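Chemist: So here's target08.csv, just CSV, C-alpha atoms:
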```csv
chain,number,residue,atom,x,y,z
A,10,MET,CA,0.0,0.0,0.0
A,11,ASP,CA,1.0,3.6,-0.6
A,12,HIS,CA,2.6,5.5,2.3
A,13,ARG,CA,1.8,9.2,2.5
A,14,ILE,CA,3.8,11.9,4.3
A,15,LEU,CA,1.4,14.7,5.3
A,16,THR,CA,2.4,18.3,4.6
A,17,GLU,CA,-0.8,20.1,5.5
A,18,SER,CA,-0.5,22.8,8.3
A,19,THR,CA,-2.0,22.2,11.7
A,20,SER,CA,-4.6,24.9,10.9
A,21,PHE,CA,-6.0,22.7,8.1
A,22,TYR,CA,-6.9,19.8,10.4
A,23,LYS,CA,-8.3,22.2,13.1
A,24,ARG,CA,-10.3,24.1,10.5
A,25,VAL,CA,-11.8,20.9,9.1
A,26,ALA,CA,-12.5,19.6,12.6
A,27,LYS,CA,-14.4,22.7,13.5
A,28,THR,CA,-16.4,22.5,10.3
A,29,GLN,CA,-17.4,18.9,11.0
A,30,LEU,CA,-18.3,19.6,14.6
A,31,LYS,CA,-20.8,22.3,13.6
A,32,GLY,CA,-24.2,21.2,15.1
A,33,LYS,CA,-22.5,18.2,16.7
A,34,TRP,CA,-20.5,19.8,19.5
A,35,ALA,CA,-22.9,18.5,22.1
A,36,GLN,CA,-22.6,14.9,21.0
A,37,ALA,CA,-18.8,15.1,20.7
A,38,VAL,CA,-18.5,16.7,24.2
A,39,ALA,CA,-20.9,14.1,25.7
A,40,ALA,CA,-18.9,11.3,24.1
A,41,SER,CA,-15.7,12.8,25.6
A,42,MET,CA,-17.4,12.8,29.0
A,43,ILE,CA,-18.5,9.2,28.7
A,44,TYR,CA,-15.0,8.3,27.6
A,45,ILE,CA,-13.4,9.9,30.6
A,46,LEU,CA,-16.0,8.5,33.0
A,47,LEU,CA,-15.7,4.9,31.7
A,48,LEU,CA,-11.9,5.1,32.0
A,49,ASN,CA,-11.9,6.6,35.5
A,50,ILE,CA,-15.1,5.4,37.2
A,51,MET,CA,-13.3,2.8,39.2
A,52,ASP,CA,-10.6,5.3,40.3
A,53,ILE,CA,-13.4,7.7,41.3
A,54,ILE,CA,-15.2,5.1,43.4
A,55,VAL,CA,-11.9,4.0,45.1
A,56,ASN,CA,-10.8,7.5,46.0
A,57,LEU,CA,-14.1,8.6,47.3
A,58,PHE,CA,-15.2,5.6,49.3
A,59,MET,CA,-12.6,2.9,50.0
A,60,TYR,CA,-9.0,3.8,49.1
A,61,ASN,CA,-6.4,1.3,50.1
A,62,THR,CA,-3.6,-0.7,48.4
A,63,ALA,CA,-5.9,-3.5,47.3
A,64,THR,CA,-8.6,-1.3,45.8
A,65,SER,CA,-6.0,0.8,44.1
A,66,ALA,CA,-4.7,-2.3,42.4
A,67,ILE,CA,-8.2,-3.3,41.3
A,68,SER,CA,-8.6,0.2,39.8
A,69,GLY,CA,-5.5,-0.3,37.8
A,70,ILE,CA,-6.6,-3.7,36.5
A,71,TYR,CA,-10.0,-2.2,35.5
A,72,TYR,CA,-8.2,0.5,33.5
A,73,TRP,CA,-6.1,-2.1,31.7
A,74,ILE,CA,-9.2,-4.1,30.8
A,75,VAL,CA,-11.4,-1.3,29.5
A,76,PHE,CA,-8.8,1.0,27.9
A,77,GLY,CA,-8.9,-0.7,24.5
A,78,PRO,CA,-12.7,-1.2,24.0
A,79,VAL,CA,-13.5,2.3,25.4
A,80,THR,CA,-10.9,4.0,23.2
A,81,VAL,CA,-12.1,2.2,20.1
A,82,GLY,CA,-15.7,3.1,20.9
A,83,TYR,CA,-14.9,6.8,21.5
A,84,TYR,CA,-13.1,7.0,18.2
A,85,SER,CA,-16.0,5.4,16.5
A,86,VAL,CA,-18.2,8.4,17.5
A,87,ILE,CA,-15.7,11.0,16.4
A,88,MET,CA,-15.0,9.2,13.1
A,89,ARG,CA,-18.7,9.0,12.4
A,90,ILE,CA,-18.9,12.8,13.0
A,91,VAL,CA,-16.0,13.5,10.7
A,92,ARG,CA,-17.5,11.3,8.0
A,93,ASN,CA,-21.0,12.7,8.2
A,94,GLU,CA,-22.4,9.4,9.2
A,95,GLU,CA,-25.2,8.8,11.6
A,96,SER,CA,-23.9,8.5,15.2
A,97,SER,CA,-25.2,8.2,18.7
A,98,LEU,CA,-23.7,8.0,22.2
A,99,GLY,CA,-24.4,4.3,22.0
A,100,ASN,CA,-21.5,4.0,19.6
A,101,CYS,CA,-19.2,4.8,22.6
A,102,PHE,CA,-19.6,1.1,23.5
A,103,GLU,CA,-18.9,-0.2,20.0
A,104,GLY,CA,-15.5,-1.4,21.0
A,105,PHE,CA,-17.1,-4.0,23.3
A,106,GLU,CA,-18.7,-5.7,20.3
A,107,TYR,CA,-15.2,-7.1,19.5
A,108,PHE,CA,-14.0,-7.0,23.1
A,109,GLY,CA,-11.3,-9.6,22.6
A,110,ARG,CA,-9.3,-7.8,19.9
A,111,SER,CA,-9.9,-4.3,21.3
A,112,PHE,CA,-8.9,-5.5,24.8
A,113,VAL,CA,-5.7,-7.1,23.5
A,114,LEU,CA,-4.9,-4.0,21.4
A,115,GLY,CA,-5.3,-1.7,24.4
A,116,LEU,CA,-3.1,-4.0,26.5
A,117,LEU,CA,-0.4,-4.2,23.9
A,118,MET,CA,-0.4,-0.4,23.5
A,119,ILE,CA,0.0,0.1,27.2
A,120,LEU,CA,2.7,-2.5,27.4
A,121,PHE,CA,4.8,-1.3,24.4
A,122,ILE,CA,4.5,2.4,25.4
A,123,GLY,CA,5.4,1.5,29.0
A,124,LEU,CA,8.4,-0.5,28.0
A,125,TRP,CA,9.7,2.3,25.8
A,126,THR,CA,9.1,4.8,28.6
A,127,LEU,CA,11.3,2.7,30.9
A,128,LEU,CA,14.2,3.6,28.6
A,129,PHE,CA,13.4,7.3,28.8
A,130,VAL,CA,10.4,9.7,28.5
A,131,ILE,CA,11.1,10.7,24.9
A,132,PRO,CA,11.1,7.2,23.5
A,133,GLY,CA,7.8,6.6,25.3
A,134,ILE,CA,6.3,9.7,23.7
A,135,ILE,CA,7.5,8.6,20.3
A,136,ALA,CA,6.0,5.2,20.8
A,137,GLY,CA,2.7,6.7,21.8
A,138,TYR,CA,2.5,8.5,18.5
A,139,ARG,CA,3.8,5.5,16.6
A,140,TYR,CA,0.8,3.4,17.8
A,141,SER,CA,-1.7,6.2,18.0
A,142,MET,CA,-3.6,5.2,14.8
A,143,ALA,CA,-4.2,1.6,16.0
A,144,PRO,CA,-7.6,2.1,17.7
A,145,MET,CA,-9.0,3.8,14.6
A,146,ILE,CA,-7.5,1.1,12.3
A,147,LEU,CA,-9.2,-1.6,14.4
A,148,ARG,CA,-12.5,0.3,14.3
A,149,ASP,CA,-12.3,0.6,10.5
A,150,ARG,CA,-11.0,-3.0,10.0
A,151,PRO,CA,-12.1,-5.1,12.8
A,152,GLU,CA,-11.0,-8.3,11.0
A,153,LEU,CA,-7.4,-7.4,11.6
A,154,SER,CA,-5.5,-8.8,14.6
A,155,PRO,CA,-4.3,-6.4,17.3
A,156,MET,CA,-0.7,-6.8,16.2
A,157,ASP,CA,-1.6,-6.1,12.6
A,158,CYS,CA,-3.3,-2.8,13.7
A,159,ILE,CA,-0.2,-1.8,15.5
A,160,ARG,CA,2.0,-2.7,12.5
A,161,GLU,CA,-0.3,-0.7,10.2
A,162,SER,CA,-0.2,2.3,12.6
A,163,LYS,CA,3.6,2.1,12.6
A,164,ARG,CA,3.6,2.1,8.8
A,165,LEU,CA,1.1,5.1,8.5
A,166,MET,CA,3.0,7.1,11.1
A,167,MET,CA,6.5,6.7,9.5
A,168,GLY,CA,7.5,10.3,8.8
A,169,ASN,CA,4.2,11.6,10.3
A,170,LYS,CA,4.8,11.4,14.0
A,171,GLY,CA,6.2,15.0,14.1
A,172,GLY,CA,3.2,16.3,12.2
A,173,LEU,CA,0.8,14.8,14.8
A,174,PHE,CA,2.9,16.0,17.6
A,175,THR,CA,2.9,19.5,16.2
A,176,LEU,CA,-0.9,19.3,15.9
A,177,ASP,CA,-1.3,18.3,19.6
A,178,ILE,CA,1.1,21.0,20.8
A,179,SER,CA,-1.0,23.6,19.0
A,180,PHE,CA,-3.7,23.0,21.7
A,181,ILE,CA,-1.3,23.7,24.6
A,182,GLY,CA,-2.5,27.2,25.1
A,183,TRP,CA,-6.1,26.1,25.8
A,184,ALA,CA,-4.8,23.3,28.1
A,185,LEU,CA,-2.8,25.8,30.2
A,186,LEU,CA,-5.8,28.1,30.4
A,187,ALA,CA,-8.0,25.2,31.6
A,188,GLY,CA,-5.3,24.3,34.2
A,189,ALA,CA,-5.3,27.8,35.5
A,190,VAL,CA,-9.1,27.9,35.8
A,191,VAL,CA,-9.2,24.5,37.6
A,192,SER,CA,-6.4,25.7,40.0
A,193,LEU,CA,-8.5,28.8,40.9
A,194,ILE,CA,-11.6,26.7,41.4
A,195,THR,CA,-9.8,24.2,43.6
A,196,VAL,CA,-8.2,26.9,45.8
A,197,VAL,CA,-11.3,29.2,46.1
A,198,PHE,CA,-14.2,26.7,46.4
A,199,ILE,CA,-12.7,23.5,47.6
A,200,GLN,CA,-10.1,25.3,49.8
A,201,ASP,CA,-8.2,22.1,50.3
A,202,TYR,CA,-6.0,21.1,47.4
A,203,ASN,CA,-6.3,17.5,46.5
A,204,SER,CA,-4.7,16.0,43.4
A,205,PHE,CA,-7.7,13.7,42.9
A,206,TYR,CA,-10.3,16.6,42.8
A,207,PHE,CA,-7.9,18.6,40.6
A,208,THR,CA,-7.6,15.8,38.1
A,209,ILE,CA,-11.4,15.2,37.9
A,210,LEU,CA,-12.2,18.9,37.5
A,211,MET,CA,-9.4,19.2,34.9
A,212,GLN,CA,-10.8,16.4,32.9
A,213,LEU,CA,-14.4,17.7,33.0
A,214,ILE,CA,-13.3,21.2,31.9
A,215,LEU,CA,-11.1,19.8,29.2
A,216,THR,CA,-13.9,17.7,27.6
A,217,PRO,CA,-14.7,20.3,24.9
A,218,LEU,CA,-11.0,20.6,24.1
A,219,LEU,CA,-10.6,16.9,24.1
A,220,ALA,CA,-13.5,16.6,21.6
A,221,TYR,CA,-11.8,19.3,19.4
A,222,MET,CA,-8.4,17.6,19.6
A,223,GLN,CA,-9.6,14.1,18.9
A,224,THR,CA,-11.7,15.3,15.9
A,225,SER,CA,-8.6,17.0,14.5
A,226,GLU,CA,-6.6,13.8,15.0
A,227,VAL,CA,-9.3,11.8,13.2
A,228,VAL,CA,-9.0,14.3,10.3
A,229,PHE,CA,-5.3,13.6,10.4
A,230,TYR,CA,-6.0,9.9,10.2
A,231,GLU,CA,-8.4,10.4,7.3
A,232,GLU,CA,-5.7,12.2,5.4
A,233,LEU,CA,-3.3,9.3,6.1
A,234,ILE,CA,-5.6,6.6,4.7
A,235,LYS,CA,-6.7,8.5,1.6
A,236,PRO,CA,-4.8,6.4,-0.9
A,237,MET,CA,-5.4,3.1,1.0
A,238,PRO,CA,-8.6,1.0,0.5
A,239,ASN,CA,-10.7,0.1,3.5
A,240,GLN,CA,-14.2,-1.1,3.9
A,241,PHE,CA,-15.5,2.2,2.5
A,242,GLY,CA,-13.8,1.5,-0.8
A,243,SER,CA,-11.9,4.0,-2.9
A,244,CYS,CA,-12.5,7.6,-1.9
A,245,ALA,CA,-11.4,11.1,-2.5
A,246,TRP,CA,-11.8,14.3,-0.4
A,247,ASP,CA,-13.1,17.5,-1.8
A,248,VAL,CA,-11.9,20.5,0.2
A,249,ARG,CA,-13.2,24.0,-0.7
A,250,ASN,CA,-12.3,27.2,1.0
A,251,GLY,CA,-15.0,29.7,0.2
A,252,GLY,CA,-14.1,32.3,2.8
A,253,GLU,CA,-16.9,32.1,5.4
A,254,THR,CA,-17.7,28.5,4.7
A,255,TYR,CA,-15.4,25.5,4.7
A,256,GLU,CA,-16.9,22.4,3.2
A,257,TYR,CA,-15.3,19.0,3.9
A,258,HIS,CA,-17.0,15.9,2.7
A,259,ARG,CA,-16.2,12.4,1.5
A,260,ILE,CA,-16.8,11.3,-2.1
A,261,ASP,CA,-17.3,7.6,-1.7
A,262,SER,CA,-17.6,5.4,-4.8
A,263,ALA,CA,-18.5,2.4,-2.7
A,264,ALA,CA,-21.4,3.8,-0.8
A,265,GLY,CA,-23.6,0.8,-1.7
A,266,ALA,CA,-23.0,-2.9,-1.7
A,267,HIS,CA,-21.9,-4.4,-5.0
A,268,GLU,CA,-22.9,-7.9,-6.1
A,269,ASN,CA,-19.6,-8.2,-8.0
A,270,PRO,CA,-17.0,-5.8,-6.5
A,271,ALA,CA,-14.2,-7.1,-8.7
A,272,ALA,CA,-16.2,-6.2,-11.9
A,273,ASP,CA,-17.3,-2.8,-10.6
A,274,THR,CA,-13.9,-1.5,-9.4
A,275,GLY,CA,-12.9,0.2,-12.6
A,276,GLU,CA,-16.3,1.8,-13.1
A,277,ASP,CA,-16.3,3.1,-9.5
A,278,THR,CA,-12.8,4.5,-9.8
A,279,ALA,CA,-13.7,6.3,-13.0
A,280,LYS,CA,-16.8,7.8,-11.4
A,281,THR,CA,-14.8,9.1,-8.5
A,282,GLU,CA,-12.1,10.6,-10.7
A,283,GLY,CA,-14.8,12.2,-12.9
A,284,ASP,CA,-16.5,13.7,-9.8
A,285,VAL,CA,-13.2,15.1,-8.5
A,286,SER,CA,-12.4,16.6,-12.0
A,287,GLU,CA,-15.8,18.3,-12.2
A,288,GLN,CA,-15.4,19.7,-8.7
A,289,GLN,CA,-11.9,21.0,-9.5
A,290,GLU,CA,-13.3,22.8,-12.6
A,291,GLU,CA,-16.0,24.3,-10.4
A,292,ILE,CA,-13.4,25.6,-8.0
A,293,GLY,CA,-11.3,27.0,-10.8
A,294,GLN,CA,-14.4,28.9,-12.2
A,295,GLU,CA,-15.2,30.2,-8.7
A,296,ASN,CA,-11.6,31.5,-8.4
A,297,GLU,CA,-11.8,33.2,-11.8
A,298,ARG,CA,-15.0,35.0,-10.8
A,299,ASP,CA,-13.4,36.1,-7.5
A,300,ASN,CA,-10.5,37.5,-9.4
```
Take the structure in the file and give it back as structure tokens.

Modeler:
Amino acid sequence: MDHRILTESTSFYKRVAKTQLKGKWAQAVAASMIYILLLNIMDIIVNLFMYNTATSAISGIYYWIVFGPVTVGYYSVIMRIVRNEESSLGNCFEGFEYFGRSFVLGLLMILFIGLWTLLFVIPGIIAGYRYSMAPMILRDRPELSPMDCIRESKRLMMGNKGGLFTLDISFIGWALLAGAVVSLITVVFIQDYNSFYFTILMQLILTPLLAYMQTSEVVFYEELIKPMPNQFGSCAWDVRNGGETYEYHRIDSAAGAHENPAADTGEDTAKTEGDVSEQQEEIGQENERDN
């Protein structure tokens, strides 16, 4: 399969993410809250009611078990939003439909990133970006094994880890602002600094930012897989910058099921290329009128 090195600026992914989130912010933020709650519910219970060494260990085991399925489910919601597909908060639990593979994938990611982190922090960060596409790949191609998803993520991220890191870093201003707000709330209203309360408040306040960040990362993933076939078939993206509006939609030549996919491949590809050519001509005409 082809391997792409992305060259788009961070503003491109963020602009497209904001466009796709229009009218869907509430769902994306709610999905982010569910994601955080599902990952941390055991930790919350333990810290509030029965903290000790044994319960702390149980909380850690719970996190290891649900990390993969919950992450795959969360990405399923965001990917549906980006692709203009029907979605609901019920999709947050989609990863549990193939629990075995999603669980093993999450376990492998935690293990591999942890082992790299033992060498030094920086190798651990690099490993995190190397495997970052694996949950989305599993959601798109659930027939793959967890190791195949990790290998595919490594392939896609070759030469692209820096681009995704730059995209994430571009959100740091909002994260610092949220941290300052949480610190103020903790000191003024709780009046007794506790790292547990701080963490929970921080995560709740950051849910809109998390939704924005993850949507931008899904757009990054969509750009990575453009030349590679998946269950959606051959596709192209039409991006138009019309000033006040910014349209971003998928042109999918395999929207319906084919009785004979092998026979239809050439015709579908020709249709897709023809659609893209017509749209490029329209864009050129619009630019001439603007000039």

Chemist: Grab the CA of Ile67 (chain A) to CA of Phe108 (chain A) distance for me, in Å with one decimal place.

Modeler: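 Atom-to-atom, CA of Ile67 (chain A) and CA of Phe108 (chain A) are spaced 19.5 Å apart.
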
Chemist: Report as a ChimeraX atom specification all protein, DNA and RNA residues lying within 12 Å of Gly115 (chain A), evaluated on all atoms listed in the file, omitting residues in the same chain fewer than 4 positions from it.

Modeler: /A:72-82,104,108-111,119-122,137,140-145,147,155-156,158-159

Chemist: Return the single residue from A:Val86, A:Ile50, A:Ala63, A:Ile135 that is closest to Gly123 (chain A), with distances computed using only C-alpha atoms.

Modeler: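 So, comparing all the options, the nearest one is A:Ile135.
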
Chemist: Give me the residues near Leu186 (chain A) as a short mmCIF file (atom, residue, chain, number, x, y, z; two decimals) with C-alpha atoms, in the frame of the given file, where near means some atom within 12 Å (using all atoms listed in the file) and where sequence neighbours in that chain fewer than 5 positions away do not count.

Modeler:
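Output contents, as saved in out_34.cif:
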```cif
data_model
loop_
_atom_site.label_atom_id
_atom_site.label_comp_id
_atom_site.auth_asym_id
_atom_site.auth_seq_id
_atom_site.Cartn_x
_atom_site.Cartn_y
_atom_site.Cartn_z
CA PHE A 180 -3.70 23.00 21.70
CA ILE A 181 -1.30 23.70 24.60
CA VAL A 191 -9.20 24.50 37.60
CA SER A 192 -6.40 25.70 40.00
CA LEU A 193 -8.50 28.80 40.90
CA MET A 211 -9.40 19.20 34.90
CA ILE A 214 -13.30 21.20 31.90
CA LEU A 215 -11.10 19.80 29.20
CA LEU A 218 -11.00 20.60 24.10
#
```

Chemist: With distances taken over all atoms listed in the file, which of A:Val113, A:Leu173, A:Ala187, A:Val91 is nearest to Ala26 (chain A)?

Modeler: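 With all atoms listed in the file as the atom set, the closest residue is A:Val91.
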
Chemist: One number please: CA of Tyr221 (chain A) to CA of Ala39 (chain A), in Å, one decimal.

Modeler: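 Taking CA of Tyr221 (chain A) and CA of Ala39 (chain A), their separation equals 12.2 Å.
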
Chemist: Work out how far apart CA of Gln36 (chain A) and CA of Thr175 (chain A) are and give it in Å to one decimal.

Modeler: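 About the pair CA of Gln36 (chain A) and CA of Thr175 (chain A): they are 26.4 Å apart.
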
Chemist: Please list as an NGL selection string every residue within 9 Å of Thr16 (chain A), counting only C-alpha atoms and excluding residues in the same chain fewer than 2 positions away.

Modeler: :A and (14 or 18 or 169 or 172)

Chemist: Contacts of Leu98 (chain A) at 12 Å or less, counting all atoms listed in the file, minus same-chain residues fewer than 5 places along, as a PyMOL selection string?

Modeler: chain A and resi 33+35-44+82-87+89-90+103

Chemist: What's the 9 Å shell around Tyr138 (chain A), counting all atoms listed in the file, without same-chain residues fewer than 4 positions away, as an mmCIF file with C-alpha atoms, keeping the file's coordinate frame?

Modeler:
```cif
data_model
loop_
_atom_site.group_PDB
_atom_site.id
_atom_site.type_symbol
_atom_site.label_atom_id
_atom_site.label_comp_id
_atom_site.auth_asym_id
_atom_site.auth_seq_id
_atom_site.Cartn_x
_atom_site.Cartn_y
_atom_site.Cartn_z
ATOM 1 C CA GLY A 133 7.800 6.600 25.300
ATOM 2 C CA ILE A 134 6.300 9.700 23.700
ATOM 3 C CA MET A 142 -3.600 5.200 14.800
ATOM 4 C CA SER A 162 -0.200 2.300 12.600
ATOM 5 C CA LYS A 163 3.600 2.100 12.600
ATOM 6 C CA MET A 166 3.000 7.100 11.100
ATOM 7 C CA ASN A 169 4.200 11.600 10.300
ATOM 8 C CA LYS A 170 4.800 11.400 14.000
ATOM 9 C CA GLY A 171 6.200 15.000 14.100
ATOM 10 C CA LEU A 173 0.800 14.800 14.800
ATOM 11 C CA PHE A 174 2.900 16.000 17.600
#
```

Chemist: Can I get a file of region 84-167 of chain A from the given structure, C-alpha atoms kept, as a PDB file, in the first residue's frame?

Modeler:
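The file below, decode-v1.pdb, is the result:
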```pdb
ATOM      1  CA  TYR A  84     -13.054   7.025  18.233  1.00  0.00           C
ATOM      2  CA  SER A  85     -16.047   5.398  16.538  1.00  0.00           C
ATOM      3  CA  VAL A  86     -18.245   8.350  17.542  1.00  0.00           C
ATOM      4  CA  ILE A  87     -15.698  10.953  16.425  1.00  0.00           C
ATOM      5  CA  MET A  88     -15.009   9.153  13.134  1.00  0.00           C
ATOM      6  CA  ARG A  89     -18.723   9.041  12.363  1.00  0.00           C
ATOM      7  CA  ILE A  90     -18.942  12.782  13.006  1.00  0.00           C
ATOM      8  CA  VAL A  91     -16.017  13.507  10.678  1.00  0.00           C
ATOM      9  CA  ARG A  92     -17.454  11.254   7.981  1.00  0.00           C
ATOM     10  CA  ASN A  93     -20.955  12.745   8.243  1.00  0.00           C
ATOM     11  CA  GLU A  94     -22.358   9.357   9.221  1.00  0.00           C
ATOM     12  CA  GLU A  95     -25.221   8.765  11.626  1.00  0.00           C
ATOM     13  CA  SER A  96     -23.918   8.457  15.153  1.00  0.00           C
ATOM     14  CA  SER A  97     -25.191   8.223  18.695  1.00  0.00           C
ATOM     15  CA  LEU A  98     -23.708   7.988  22.164  1.00  0.00           C
ATOM     16  CA  GLY A  99     -24.395   4.266  21.992  1.00  0.00           C
ATOM     17  CA  ASN A 100     -21.461   4.030  19.587  1.00  0.00           C
ATOM     18  CA  CYS A 101     -19.197   4.769  22.570  1.00  0.00           C
ATOM     19  CA  PHE A 102     -19.621   1.078  23.451  1.00  0.00           C
ATOM     20  CA  GLU A 103     -18.900  -0.212  19.952  1.00  0.00           C
ATOM     21  CA  GLY A 104     -15.451  -1.449  21.008  1.00  0.00           C
ATOM     22  CA  PHE A 105     -17.095  -3.994  23.305  1.00  0.00           C
ATOM     23  CA  GLU A 106     -18.689  -5.676  20.276  1.00  0.00           C
ATOM     24  CA  TYR A 107     -15.244  -7.148  19.497  1.00  0.00           C
ATOM     25  CA  PHE A 108     -13.990  -7.036  23.054  1.00  0.00           C
ATOM     26  CA  GLY A 109     -11.256  -9.647  22.632  1.00  0.00           C
ATOM     27  CA  ARG A 110      -9.349  -7.786  19.920  1.00  0.00           C
ATOM     28  CA  SER A 111      -9.923  -4.306  21.340  1.00  0.00           C
ATOM     29  CA  PHE A 112      -8.874  -5.474  24.821  1.00  0.00           C
ATOM     30  CA  VAL A 113      -5.663  -7.069  23.518  1.00  0.00           C
ATOM     31  CA  LEU A 114      -4.919  -3.985  21.410  1.00  0.00           C
ATOM     32  CA  GLY A 115      -5.251  -1.691  24.434  1.00  0.00           C
ATOM     33  CA  LEU A 116      -3.109  -4.049  26.501  1.00  0.00           C
ATOM     34  CA  LEU A 117      -0.378  -4.155  23.860  1.00  0.00           C
ATOM     35  CA  MET A 118      -0.373  -0.365  23.483  1.00  0.00           C
ATOM     36  CA  ILE A 119      -0.016   0.148  27.248  1.00  0.00           C
ATOM     37  CA  LEU A 120       2.703  -2.507  27.410  1.00  0.00           C
ATOM     38  CA  PHE A 121       4.753  -1.296  24.444  1.00  0.00           C
ATOM     39  CA  ILE A 122       4.529   2.383  25.380  1.00  0.00           C
ATOM     40  CA  GLY A 123       5.373   1.517  28.993  1.00  0.00           C
ATOM     41  CA  LEU A 124       8.444  -0.478  27.972  1.00  0.00           C
ATOM     42  CA  TRP A 125       9.709   2.336  25.756  1.00  0.00           C
ATOM     43  CA  THR A 126       9.096   4.811  28.587  1.00  0.00           C
ATOM     44  CA  LEU A 127      11.344   2.740  30.855  1.00  0.00           C
ATOM     45  CA  LEU A 128      14.234   3.637  28.558  1.00  0.00           C
ATOM     46  CA  PHE A 129      13.435   7.350  28.759  1.00  0.00           C
ATOM     47  CA  VAL A 130      10.439   9.670  28.545  1.00  0.00           C
ATOM     48  CA  ILE A 131      11.069  10.738  24.947  1.00  0.00           C
ATOM     49  CA  PRO A 132      11.108   7.185  23.483  1.00  0.00           C
ATOM     50  CA  GLY A 133       7.824   6.597  25.319  1.00  0.00           C
ATOM     51  CA  ILE A 134       6.269   9.687  23.729  1.00  0.00           C
ATOM     52  CA  ILE A 135       7.489   8.623  20.289  1.00  0.00           C
ATOM     53  CA  ALA A 136       6.025   5.154  20.829  1.00  0.00           C
ATOM     54  CA  GLY A 137       2.696   6.706  21.803  1.00  0.00           C
ATOM     55  CA  TYR A 138       2.547   8.537  18.481  1.00  0.00           C
ATOM     56  CA  ARG A 139       3.776   5.460  16.607  1.00  0.00           C
ATOM     57  CA  TYR A 140       0.820   3.396  17.832  1.00  0.00           C
ATOM     58  CA  SER A 141      -1.740   6.231  17.984  1.00  0.00           C
ATOM     59  CA  MET A 142      -3.645   5.207  14.839  1.00  0.00           C
ATOM     60  CA  ALA A 143      -4.157   1.586  15.965  1.00  0.00           C
ATOM     61  CA  PRO A 144      -7.582   2.088  17.661  1.00  0.00           C
ATOM     62  CA  MET A 145      -8.951   3.846  14.569  1.00  0.00           C
ATOM     63  CA  ILE A 146      -7.549   1.137  12.309  1.00  0.00           C
ATOM     64  CA  LEU A 147      -9.235  -1.565  14.400  1.00  0.00           C
ATOM     65  CA  ARG A 148     -12.512   0.322  14.301  1.00  0.00           C
ATOM     66  CA  ASP A 149     -12.254   0.591  10.487  1.00  0.00           C
ATOM     67  CA  ARG A 150     -10.957  -2.950   9.952  1.00  0.00           C
ATOM     68  CA  PRO A 151     -12.102  -5.150  12.847  1.00  0.00           C
ATOM     69  CA  GLU A 152     -11.024  -8.264  10.979  1.00  0.00           C
ATOM     70  CA  LEU A 153      -7.372  -7.363  11.620  1.00  0.00           C
ATOM     71  CA  SER A 154      -5.503  -8.777  14.596  1.00  0.00           C
ATOM     72  CA  PRO A 155      -4.298  -6.351  17.299  1.00  0.00           C
ATOM     73  CA  MET A 156      -0.670  -6.772  16.177  1.00  0.00           C
ATOM     74  CA  ASP A 157      -1.647  -6.086  12.563  1.00  0.00           C
ATOM     75  CA  CYS A 158      -3.323  -2.840  13.692  1.00  0.00           C
ATOM     76  CA  ILE A 159      -0.155  -1.828  15.531  1.00  0.00           C
ATOM     77  CA  ARG A 160       2.004  -2.652  12.504  1.00  0.00           C
ATOM     78  CA  GLU A 161      -0.306  -0.685  10.226  1.00  0.00           C
ATOM     79  CA  SER A 162      -0.191   2.271  12.615  1.00  0.00           C
ATOM     80  CA  LYS A 163       3.616   2.136  12.584  1.00  0.00           C
ATOM     81  CA  ARG A 164       3.569   2.139   8.779  1.00  0.00           C
ATOM     82  CA  LEU A 165       1.143   5.057   8.514  1.00  0.00           C
ATOM     83  CA  MET A 166       3.045   7.119  11.077  1.00  0.00           C
ATOM     84  CA  MET A 167       6.456   6.738   9.451  1.00  0.00           C
TER      85      MET A 167
END
```
